[in-house]
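Visitor: Quick one, input_17.txt (compact mmCIF, C-alpha atoms):
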```txt
# COMPACT_ATOMS: atom_id res chain seq x y z
CA MET A 387 233.25 69.64 144.90
CA TYR A 388 235.71 69.24 147.76
CA GLY A 389 233.53 71.33 150.06
CA LEU A 390 230.49 69.22 149.17
CA LYS A 391 232.31 65.97 149.99
CA LEU A 392 233.63 67.41 153.28
CA LYS A 393 230.07 68.42 154.24
CA TYR A 394 228.74 64.90 153.66
CA ALA A 395 231.72 63.39 155.57
CA LYS A 396 230.99 65.57 158.59
CA SER A 397 227.30 64.61 158.50
CA SER A 398 228.15 60.91 158.26
CA LEU A 399 230.60 61.08 161.22
CA LEU A 400 227.98 62.93 163.28
CA ILE A 401 225.33 60.26 162.55
CA VAL A 402 227.76 57.39 163.39
CA ALA A 403 228.81 59.07 166.63
CA SER A 404 225.18 59.59 167.61
CA LEU A 405 224.36 55.94 166.99
CA ILE A 406 227.33 54.77 169.07
CA ALA A 407 226.34 57.11 171.89
CA ILE A 408 222.77 55.81 171.86
CA ILE A 409 223.93 52.16 171.95
CA LEU A 410 226.34 52.78 174.87
CA ALA A 411 223.78 54.78 176.81
CA PHE A 412 221.13 52.08 176.32
CA SER A 413 223.58 49.42 177.56
CA TYR A 414 224.93 51.16 180.72
CA LEU A 415 222.30 53.72 181.79
CA PRO A 416 218.89 53.05 183.38
CA HIS A 417 215.98 53.54 180.98
CA ALA A 418 214.49 56.45 182.95
CA LEU A 419 217.80 58.33 182.98
CA LEU A 420 218.25 57.51 179.30
CA ALA A 421 214.89 59.10 178.48
CA ILE A 422 215.81 62.28 180.36
CA VAL A 423 219.22 62.54 178.69
CA GLY A 424 217.69 61.84 175.26
CA GLY A 425 215.10 64.55 175.74
CA LEU A 426 217.75 67.11 176.76
CA VAL A 427 219.89 66.20 173.76
CA PHE A 428 216.89 66.55 171.42
CA ILE A 429 216.03 69.99 172.81
CA LEU A 430 219.65 71.18 172.51
CA GLY A 431 219.84 69.88 168.94
CA VAL A 432 216.65 71.68 167.86
CA SER A 433 217.78 74.91 169.54
CA TYR A 434 221.17 74.73 167.80
CA ALA A 435 219.54 74.10 164.40
CA LEU A 436 217.15 77.02 164.73
CA GLY A 437 219.87 79.38 165.94
CA HIS A 438 222.21 78.35 163.17
CA ASN A 439 219.51 78.90 160.53
CA ALA A 440 218.69 82.37 161.90
CA TRP A 441 222.38 83.34 161.97
CA LYS A 442 222.81 82.17 158.37
CA GLN A 443 219.79 84.20 157.14
CA THR A 444 221.11 87.31 158.91
CA LYS A 445 224.50 86.83 157.31
CA ASP A 446 222.97 86.43 153.82
CA ILE A 447 220.93 89.62 154.20
CA GLY A 448 223.96 91.61 155.36
CA SER A 449 226.04 90.40 152.43
CA ARG A 450 223.60 91.61 149.74
CA PRO A 451 224.62 94.74 147.87
CA GLN A 452 222.68 97.78 149.00
CA ARG A 453 220.58 99.52 146.35
CA ALA A 454 221.24 103.16 145.82
CA ALA A 455 218.70 105.40 147.49
CA GLY A 456 215.89 106.32 145.06
CA ALA A 457 217.28 104.07 142.29
CA ARG A 458 214.68 101.99 140.43
CA PRO A 459 215.17 99.26 137.83
CA GLN A 460 214.97 100.60 134.31
CA ARG A 461 212.74 99.14 131.62
CA ALA A 462 211.93 100.06 128.08
CA ALA A 463 209.29 102.69 127.55
CA GLY A 464 205.86 101.15 127.21
CA ALA A 465 207.05 97.73 128.37
CA ARG A 466 204.98 95.93 130.99
CA PRO A 467 206.55 94.07 133.89
CA SER A 468 206.66 90.35 133.23
CA ARG A 469 205.22 87.92 135.73
CA ALA A 470 207.15 84.87 136.79
CA ALA A 471 205.96 81.60 135.33
CA GLY A 472 203.30 79.99 137.49
CA ALA A 473 202.72 83.14 139.55
CA ARG A 474 199.10 83.82 140.47
CA PRO A 475 197.47 86.92 138.98
CA GLN A 476 196.94 89.84 141.31
CA ARG A 477 193.50 90.74 142.54
CA GLY A 478 191.50 92.47 139.85
CA GLU A 479 193.52 90.79 137.06
CA ARG A 480 192.29 87.92 134.92
CA LYS A 481 194.25 85.20 133.17
CA SER A 482 194.32 85.39 129.42
CA GLY A 483 191.63 83.17 127.94
CA GLY A 484 189.93 82.72 131.34
CA ARG A 485 186.22 82.97 131.95
CA LYS A 486 184.87 86.49 132.13
CA SER A 487 183.23 87.77 135.25
CA ARG A 488 179.53 88.63 135.23
CA ALA A 489 180.28 92.37 135.07
CA GLU A 490 182.70 91.88 132.17
CA ALA A 491 180.20 89.68 130.35
CA ARG A 492 177.50 92.34 130.66
CA ALA A 493 179.92 95.04 129.55
CA SER A 494 180.93 93.00 126.51
CA ARG A 495 177.28 92.67 125.51
CA LYS A 496 176.82 96.42 125.38
CA VAL A 497 176.47 97.56 121.83
CA GLU A 498 176.93 100.92 120.29
CA ILE A 499 173.75 103.01 120.43
CA LEU A 500 172.24 103.38 116.98
CA HIS A 501 171.32 106.75 115.54
CA PRO A 502 167.57 107.52 115.69
CA GLU A 503 167.45 107.73 111.87
CA GLU A 504 168.90 104.24 111.40
CA THR A 505 166.66 101.23 110.84
CA VAL A 506 166.83 97.53 111.65
CA THR A 507 164.78 94.47 110.69
CA LEU A 508 163.46 92.00 113.21
CA SER A 509 164.25 89.15 110.84
CA ALA A 510 167.95 90.06 110.93
CA GLU A 511 167.84 90.37 114.71
CA ARG A 512 166.09 87.01 114.97
CA GLU A 513 168.77 85.44 112.81
CA ALA A 514 171.50 87.05 114.92
CA ALA A 515 169.92 85.58 118.08
CA ASP A 516 169.99 82.11 116.44
CA ILE A 517 166.60 81.03 117.77
CA GLU A 518 165.09 79.37 114.70
CA ASP A 519 166.35 75.91 115.65
CA VAL A 520 164.68 76.25 119.08
CA PHE A 521 161.28 76.80 117.46
CA SER A 522 161.95 74.00 114.98
CA SER A 523 162.71 71.66 117.87
CA LEU A 524 159.48 72.61 119.63
CA ASP A 525 157.47 72.03 116.45
CA ASN A 526 159.10 68.63 115.92
CA GLN A 527 158.61 67.47 119.50
CA LEU A 528 155.13 68.89 120.06
CA VAL A 529 152.04 68.00 118.05
CA GLY A 530 149.14 70.42 118.30
CA LEU A 531 149.20 72.72 121.36
CA VAL A 532 148.58 75.76 119.16
CA PRO A 533 147.73 78.11 122.08
CA VAL A 534 150.88 77.09 123.94
CA LYS A 535 153.10 77.61 120.91
CA LYS A 536 151.48 80.99 120.31
CA LYS A 537 152.27 82.06 123.89
CA VAL A 538 155.92 81.01 123.46
CA GLU A 539 156.06 83.03 120.22
CA GLU A 540 154.61 86.06 122.00
CA ILE A 541 157.21 85.86 124.77
CA ALA A 542 159.99 85.49 122.21
CA SER A 543 158.64 88.46 120.24
CA LEU A 544 158.61 90.65 123.35
CA LEU A 545 162.22 89.80 124.19
CA LEU A 546 163.27 90.28 120.57
CA VAL A 547 161.71 93.75 120.42
CA ASP A 548 163.32 94.64 123.76
CA ARG A 549 166.64 93.53 122.30
CA VAL A 550 166.21 95.90 119.33
CA ARG A 551 164.99 98.75 121.56
CA HIS A 552 168.14 98.38 123.63
CA ARG A 553 170.23 99.01 120.53
CA PHE A 554 168.52 102.40 120.20
CA GLY A 555 169.02 103.19 123.88
CA LEU A 556 165.38 102.49 124.77
CA ASP A 557 165.37 100.47 127.98
CA ALA A 558 162.35 99.16 129.89
CA PRO A 559 161.99 97.04 133.04
CA ARG A 560 162.61 93.37 132.42
CA PRO A 561 159.30 91.50 132.04
CA ASN A 562 158.13 89.00 134.61
CA LEU A 563 158.28 85.54 133.02
CA HIS A 564 157.25 83.30 135.92
CA MET A 565 154.71 80.81 134.55
CA CYS A 566 152.21 78.14 135.49
CA PHE A 567 151.66 75.08 133.27
CA THR A 568 148.44 73.17 133.90
CA GLY A 569 147.24 70.02 132.20
CA ASP A 570 147.12 66.24 132.30
CA PRO A 571 150.30 64.13 132.34
CA GLY A 572 152.07 63.66 129.04
CA THR A 573 150.80 66.84 127.39
CA GLY A 574 154.24 68.40 126.81
CA LYS A 575 154.71 70.60 129.89
CA THR A 576 158.28 69.48 130.55
CA THR A 577 159.15 69.81 126.86
CA VAL A 578 157.96 73.42 126.73
CA ALA A 579 159.94 74.15 129.91
CA GLN A 580 163.04 73.61 127.80
CA MET A 581 162.39 77.08 126.40
CA ALA A 582 165.12 78.06 128.87
CA ASP A 583 167.52 77.87 125.94
CA LEU A 584 165.33 80.32 124.03
CA LEU A 585 165.37 82.80 126.92
CA PHE A 586 169.15 82.48 127.12
CA ARG A 587 169.69 83.19 123.43
CA LEU A 588 167.49 86.26 123.63
CA GLY A 589 169.54 87.59 126.51
CA TYR A 590 166.95 87.22 129.29
CA LEU A 591 168.81 84.46 131.18
CA GLU A 592 172.54 84.19 131.83
CA LYS A 593 172.87 80.39 131.62
CA GLY A 594 169.70 78.93 130.12
CA HIS A 595 169.72 75.59 131.95
CA LEU A 596 166.68 73.73 133.29
CA VAL A 597 166.45 72.37 136.85
CA HIS A 598 163.60 69.94 137.48
CA ALA A 599 162.39 69.75 141.10
CA MET A 600 159.58 68.26 143.15
CA ARG A 601 158.49 68.51 146.77
CA ASP A 602 161.24 66.18 148.06
CA ASP A 603 163.88 68.48 146.53
CA LEU A 604 162.54 71.54 148.36
CA VAL A 605 160.76 70.57 151.59
CA GLY A 606 162.48 68.87 154.53
CA GLU A 607 161.03 66.38 156.99
CA PHE A 608 162.32 68.03 160.15
CA ILE A 609 162.66 71.51 161.62
CA GLY A 610 165.52 73.43 160.01
CA HIS A 611 165.82 71.18 156.94
CA THR A 612 163.51 73.01 154.53
CA ALA A 613 165.35 76.32 154.18
CA PRO A 614 168.76 74.77 153.26
CA LYS A 615 167.16 72.36 150.75
CA THR A 616 165.17 75.12 149.10
CA LYS A 617 168.14 77.48 148.92
CA ARG A 618 170.41 74.80 147.44
CA THR A 619 167.89 74.09 144.70
CA LEU A 620 167.48 77.79 143.97
CA GLU A 621 171.27 78.23 143.76
CA ARG A 622 171.47 75.43 141.20
CA ALA A 623 168.70 76.98 139.14
CA MET A 624 169.92 80.58 139.34
CA GLY A 625 170.49 81.96 135.85
CA GLY A 626 168.09 79.44 134.32
CA VAL A 627 164.62 77.92 134.75
CA LEU A 628 163.35 76.14 137.88
CA PHE A 629 160.58 73.73 136.89
CA ILE A 630 158.56 72.54 139.91
CA ASP A 631 156.36 69.61 138.94
CA GLU A 632 153.22 68.86 140.98
CA ALA A 633 153.73 72.16 142.78
CA TYR A 634 150.48 71.82 144.77
CA TYR A 635 152.21 69.22 146.96
CA LEU A 636 154.37 72.00 148.41
CA TYR A 637 151.42 73.04 150.58
CA ARG A 638 149.41 70.64 152.73
CA ALA A 639 146.66 72.58 154.43
CA GLY A 640 145.51 69.69 156.63
CA ASP A 641 148.95 68.96 158.12
CA SER A 642 149.92 71.36 160.92
CA LYS A 643 153.43 69.89 161.09
CA ASP A 644 154.14 70.37 157.40
CA TYR A 645 157.09 72.62 156.47
CA GLY A 646 155.95 73.43 152.93
CA GLN A 647 154.88 76.94 153.85
CA GLU A 648 158.49 77.80 154.72
CA CYS A 649 159.55 76.71 151.23
CA ILE A 650 156.77 78.79 149.65
CA ASP A 651 157.84 81.88 151.62
CA ILE A 652 161.42 81.53 150.35
CA LEU A 653 160.20 81.02 146.77
CA LEU A 654 158.03 84.13 146.98
CA GLN A 655 160.96 86.24 148.10
CA VAL A 656 163.29 84.97 145.37
CA MET A 657 160.64 85.22 142.65
CA GLU A 658 160.15 88.88 143.56
CA ASN A 659 163.72 90.03 144.23
CA ASP A 660 165.56 87.90 141.65
CA ARG A 661 163.01 87.72 138.84
CA ASP A 662 165.63 89.03 136.41
CA LYS A 663 167.93 86.11 137.25
CA LEU A 664 165.52 83.20 137.48
CA VAL A 665 162.32 81.96 135.84
CA VAL A 666 160.10 79.72 138.00
CA ILE A 667 157.56 77.44 136.31
CA LEU A 668 154.92 75.69 138.43
CA ALA A 669 153.21 72.67 136.87
CA GLY A 670 150.36 70.32 137.79
CA TYR A 671 146.70 69.47 137.35
CA LYS A 672 144.55 72.54 136.78
CA ASP A 673 142.00 71.91 139.56
CA ARG A 674 144.71 71.25 142.15
CA MET A 675 146.73 74.26 141.07
CA ASP A 676 143.62 76.43 141.46
CA VAL A 677 143.26 75.25 145.08
CA PHE A 678 146.98 75.88 145.61
CA PHE A 679 146.70 79.47 144.38
CA GLU A 680 143.62 80.10 146.51
CA SER A 681 145.59 79.03 149.58
CA ASN A 682 148.63 81.09 148.52
CA PRO A 683 147.44 84.31 146.86
CA GLY A 684 150.95 85.77 146.98
CA MET A 685 152.15 83.01 144.67
CA SER A 686 149.29 83.59 142.23
CA SER A 687 150.13 87.30 141.95
CA ARG A 688 153.74 86.53 141.01
CA ILE A 689 152.77 84.26 138.09
CA ALA A 690 152.53 86.35 134.92
CA HIS A 691 151.66 83.65 132.38
CA HIS A 692 149.23 80.74 132.74
CA LEU A 693 149.42 78.11 130.00
CA ASP A 694 146.85 75.32 129.85
CA PHE A 695 147.88 72.14 128.03
CA ALA A 696 144.75 70.51 126.64
CA PRO A 697 144.54 66.72 126.29
CA TYR A 698 145.54 65.35 122.90
CA LYS A 699 142.93 64.13 120.44
CA LEU A 700 143.09 60.74 118.74
CA ASP A 701 144.64 61.98 115.49
CA GLU A 702 147.25 63.97 117.45
CA LEU A 703 148.17 60.90 119.51
CA VAL A 704 148.61 58.85 116.34
CA ALA A 705 150.81 61.59 114.89
CA ILE A 706 152.88 61.62 118.11
CA GLY A 707 153.36 57.87 117.88
CA ARG A 708 154.34 58.11 114.23
CA ALA A 709 156.97 60.76 115.08
CA MET A 710 158.35 58.65 117.95
CA LEU A 711 158.74 55.64 115.69
CA ASP A 712 160.33 57.73 112.97
CA ARG A 713 163.03 58.91 115.37
CA SER A 714 163.76 55.24 116.18
CA ALA A 715 163.75 54.03 112.54
CA TYR A 716 160.45 52.12 112.87
CA TYR A 717 157.10 52.57 111.15
CA LEU A 718 153.58 51.15 111.31
CA SER A 719 152.11 49.20 108.45
CA ALA A 720 148.65 50.25 107.28
CA ASP A 721 146.96 47.49 109.28
CA ALA A 722 149.15 48.25 112.29
CA GLU A 723 148.11 51.90 112.26
CA MET A 724 144.44 50.89 112.28
CA ALA A 725 145.12 48.55 115.22
CA PHE A 726 147.01 51.33 116.99
CA ARG A 727 144.01 53.64 116.60
CA ASP A 728 141.77 50.97 118.13
CA TYR A 729 144.20 50.58 121.01
CA LEU A 730 144.28 54.32 121.71
CA THR A 731 140.48 54.54 121.54
CA LEU A 732 140.24 51.92 124.28
CA ARG A 733 143.11 53.31 126.34
CA MET A 734 141.80 56.89 126.34
CA GLY A 735 138.67 55.71 128.12
CA GLN A 736 140.58 54.05 130.95
CA PRO A 737 141.98 55.63 134.14
CA ARG A 738 145.57 56.85 134.43
CA PHE A 739 145.82 57.62 130.74
CA ALA A 740 148.91 59.82 130.27
CA ASN A 741 148.59 61.06 126.68
CA ALA A 742 152.02 61.04 124.99
CA ARG A 743 153.54 58.94 127.79
CA SER A 744 150.96 56.22 127.27
CA VAL A 745 151.70 56.33 123.55
CA ARG A 746 155.42 55.93 124.19
CA ASN A 747 154.88 53.05 126.64
CA GLU A 748 152.68 51.09 124.24
CA LEU A 749 155.07 51.57 121.33
CA GLU A 750 157.94 50.27 123.43
CA ARG A 751 155.88 47.18 124.28
CA THR A 752 155.03 46.82 120.58
CA ARG A 753 158.74 46.82 119.75
CA LEU A 754 159.24 44.01 122.25
CA ARG A 755 156.52 41.91 120.62
CA HIS A 756 157.95 42.67 117.17
CA ALA A 757 161.40 41.52 118.23
CA PHE A 758 159.99 38.36 119.86
CA ARG A 759 158.00 37.57 116.71
CA LEU A 760 161.12 37.80 114.53
CA ALA A 761 163.25 35.83 116.97
CA ALA A 762 160.65 33.03 117.11
CA GLU A 763 161.62 32.06 113.54
CA PRO A 764 165.41 32.50 113.49
CA GLU A 765 165.90 30.45 110.34
CA LEU A 766 164.05 32.95 108.11
CA SER A 767 165.95 35.66 106.24
CA ARG A 768 165.04 39.20 107.27
CA SER A 769 165.38 42.37 105.24
CA LYS A 770 165.91 45.89 106.46
CA ASP A 771 162.23 46.61 106.02
CA ASP A 772 161.31 43.59 108.16
CA LEU A 773 163.38 45.06 110.98
CA MET A 774 161.65 48.43 110.68
CA ARG A 775 158.00 47.49 110.03
CA LEU A 776 155.59 46.90 112.93
CA GLU A 777 152.60 44.74 112.07
CA ALA A 778 149.05 44.70 113.42
CA ALA A 779 149.76 41.45 115.29
CA ASP A 780 152.37 43.25 117.37
CA ILE A 781 149.70 45.66 118.65
CA LEU A 782 146.70 43.33 118.84
CA ALA A 783 148.67 41.13 121.24
CA SER A 784 148.18 43.80 123.90
CA PRO A 785 146.19 42.52 126.92
CA LEU A 786 143.99 45.60 126.60
CA PHE A 787 142.06 44.05 123.70
CA ALA A 788 141.39 40.89 125.68
CA LEU A 789 140.10 42.93 128.62
CA ALA A 790 137.86 45.00 126.36
CA GLU A 791 136.11 42.00 124.72
CA PRO A 792 134.01 40.97 127.76
CA VAL A 793 132.93 44.56 128.25
CA SER A 794 131.88 44.81 124.60
CA ALA A 795 129.90 41.55 124.89
CA ILE A 796 128.06 42.82 127.95
CA GLU A 797 127.25 46.11 126.22
CA GLU A 798 126.04 44.25 123.14
CA SER A 799 123.73 42.03 125.19
CA ALA A 800 122.42 45.07 127.01
CA ARG A 801 121.44 46.66 123.70
CA ARG A 802 119.38 43.61 122.63
CA PRO A 803 115.63 43.99 123.18
CA PRO A 804 114.14 41.62 125.74
CA ARG A 805 112.24 38.62 124.35
```
Just give me the structure of the file as structure tokens.
Guide:
Amino acid sequence: MYGLKLKYAKSSLLIVASLIAIILAFSYLPHALLAIVGGLVFILGVSYALGHNAWKQTKDIGSRPQRAAGARPQRAAGARPSRAAGARPQRGERKSGGRKSRAEARASRKVEILHPEETVTLSAEREAADIEDVFSSLDNQLVGLVPVKKKVEEIASLLLVDRVRHRFGLDAPRPNLHMCFTGDPGTGKTTVAQMADLLFRLGYLEKGHLVHAMRDDLVGEFIGHTAPKTKRTLERAMGGVLFIDEAYYLYRAGDSKDYGQECIDILLQVMENDRDKLVVILAGYKDRMDVFFESNPGMSSRIAHHLDFAPYKLDELVAIGRAMLDRSAYYLSADAEMAFRDYLTLRMGQPRFANARSVRNELERTRLRHAFRLAAEPELSRSKDDLMRLEAADILASPLFALAEPVSAIEESARRPPR
């Protein structure tokens, strides 16, 4: 304690003496000379501090007890050296509970090879892969589309059989699963693209996430911008599914200054070399995608599966609307469903009809009219059913019916025989 107090007393006296010296020098010496003297004093002080620190370290090293030559610290047999708290693990080590590396994850998935006489059931393997809820979700979200659902089942069956074959030591090259979805808007293309989770559960993909991209996410506007944008998008999608909507906009044949071809060249290379790490799905109108493939035959040859999404029929659209309302705790009365059918019949004959999207948009507008109708009479008591039931008046208030009446009158007059 005495030594500690003496140390602080010496430091305090040194600081006081320095302050007095600075005040006297500032009062009696010219400023230029003061700057020179101050600089010399600063340099001498730094040199003294560094030399004193080096001398102290040398003294501490010399005072340590020397270890006997060849002597090593003893530890109990089988014991492992403990690491200090907070110390970083050495290269090649992994913290307990940390995320496994890709190589470790693949090694952990290796299963013991079954004997050739053993048997397995695909139903048990399907249950172990936990894929039933994925198919249930597709069935609930998609009405119709039987050919598309069959193709998804075929792909899942192939991966399931490959999974079982691997257990017997029968390995085959990984299948090419790059796809092209063609069809009108609102026919479920984006929904089916969520099969990335299915591919992940069956062991084909490492992550199973979906990255949605369009031309602006891949093609730059200036020289040197396209390659970095395309590579960043591919890095985000690696291990999952890259869904490129309206893919035909990547290539503009009439524009000599367009940089879409550079993006296509990068995609072709990745789709070929990394097809076991990434699934690319191109989507768009069928006629435009056909022109796109004619202009880029290399892209067409890398697409293994072409799925065409046919437009929905009237009954399917009504079923889609009924399912949408059910998820939102609404329902159509009997008269409202008839009015909804009439609305869809008119809307399907107009331009820019988007199938399920048009159904969703009209039902959202119907909910607005329903809410306004209830709020117009705030003094009335409302039951739970009143808050859930949509009436025909909520649909017939659509401007589409008013626009269709003059057309119907003209058609009716045209059918009348001349007098």
Visitor: Applying 10 Å and only C-alpha atoms, which residues near Ser686 of chain A remain after dropping the ones on its own chain fewer than 4 positions away? List them as a PyMOL selection string.
Guide: chain A and resi 565-566+654+675-676+678-682+690+692
Visitor: Applying 8 Å and only C-alpha atoms, which residues near segment 541-555 of chain A remain after dropping the ones on its own chain fewer than 5 positions away? List them as an mmCIF file with C-alpha atoms, keeping the file's coordinate frame.
Guide:
```cif
data_model
loop_
_atom_site.group_PDB
_atom_site.id
_atom_site.type_symbol
_atom_site.label_atom_id
_atom_site.label_comp_id
_atom_site.auth_asym_id
_atom_site.auth_seq_id
_atom_site.Cartn_x
_atom_site.Cartn_y
_atom_site.Cartn_z
ATOM 1 C CA VAL A 497 176.470 97.560 121.830
ATOM 2 C CA GLU A 498 176.930 100.920 120.290
ATOM 3 C CA ILE A 499 173.750 103.010 120.430
ATOM 4 C CA LEU A 500 172.240 103.380 116.980
ATOM 5 C CA HIS A 501 171.320 106.750 115.540
ATOM 6 C CA PRO A 502 167.570 107.520 115.690
ATOM 7 C CA VAL A 506 166.830 97.530 111.650
ATOM 8 C CA LEU A 508 163.460 92.000 113.210
ATOM 9 C CA GLU A 511 167.840 90.370 114.710
ATOM 10 C CA ARG A 512 166.090 87.010 114.970
ATOM 11 C CA LEU A 584 165.330 80.320 124.030
ATOM 12 C CA LEU A 585 165.370 82.800 126.920
ATOM 13 C CA LEU A 588 167.490 86.260 123.630
ATOM 14 C CA GLY A 589 169.540 87.590 126.510
ATOM 15 C CA TYR A 590 166.950 87.220 129.290
#
```
Visitor: May I have the residues within 8 Å of Asp631 of chain A as a list in words, using only C-alpha atoms and disregarding those fewer than 5 positions away in the same chain?
Guide: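 My list of contacting residues is His598, Ala599, Met600, Leu668, Ala669 and Gly670 of chain A.
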Visitor: Generate a file of the selected residues that holds C-alpha atoms, formatted as a compact mmCIF listing (two decimals), keeping the file's coordinate frame.
Guide:
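Written out: out03.txt:
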```
# COMPACT_ATOMS: atom_id res chain seq x y z
CA HIS A 598 163.60 69.94 137.48
CA ALA A 599 162.39 69.75 141.10
CA MET A 600 159.58 68.26 143.15
CA LEU A 668 154.92 75.69 138.43
CA ALA A 669 153.21 72.67 136.87
CA GLY A 670 150.36 70.32 137.79
```
Visitor: Check the smallest atom-to-atom distance from each of A:Cys649, A:Leu620, A:Gly530, A:Leu596 to Thr576 of chain A using only C-alpha atoms, then report the winner.
Guide: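 Under the stated criterion, the closest residue is A:Leu596.
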Visitor: One decimal, Å: what's the distance from atom CA of Val677 of chain A over to atom CA of Leu653 of chain A, could you say?
Guide: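 For atom CA of Val677 of chain A relative to atom CA of Leu653 of chain A, the distance reads 18.0 Å.
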Visitor: Rounded to one decimal place, report the atom CA of Glu607 of chain A-atom CA of Ile630 of chain A distance in Å.
Guide: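 A separation of 18.3 Å between them.
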Visitor: Have a look at atom CA of Leu604 of chain A and atom CA of Ser744 of chain A and let me know their distance in Å, one decimal.
Guide: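 Those two atoms sit 28.5 Å apart.
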Visitor: Looking at A:Gly572, A:Gly626, A:Gly610, A:Pro697, which one is nearest to Arg661 of chain A, with distances taken over only C-alpha atoms?
Guide: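 Ranking A:Gly572, A:Gly626, A:Gly610, A:Pro697 by distance to Arg661 of chain A, first place goes to A:Gly626.
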Visitor: Within 6 Å of (159.5, 70.7, 158.6) (file coordinates; all atoms listed in the file), which protein or nucleic acid residues are there? I'd like them as an MDAnalysis selection string.
Guide: chainID A and resid 606:609 644:645
Visitor: Applying 12 Å and only C-alpha atoms, which residues near Asp651 of chain A remain after dropping the ones on its own chain fewer than 5 positions away? List them as a PyMOL selection string.
Guide: chain A and resi 604-605+612-613+616-617+636-637+645-646+656-658+682-685
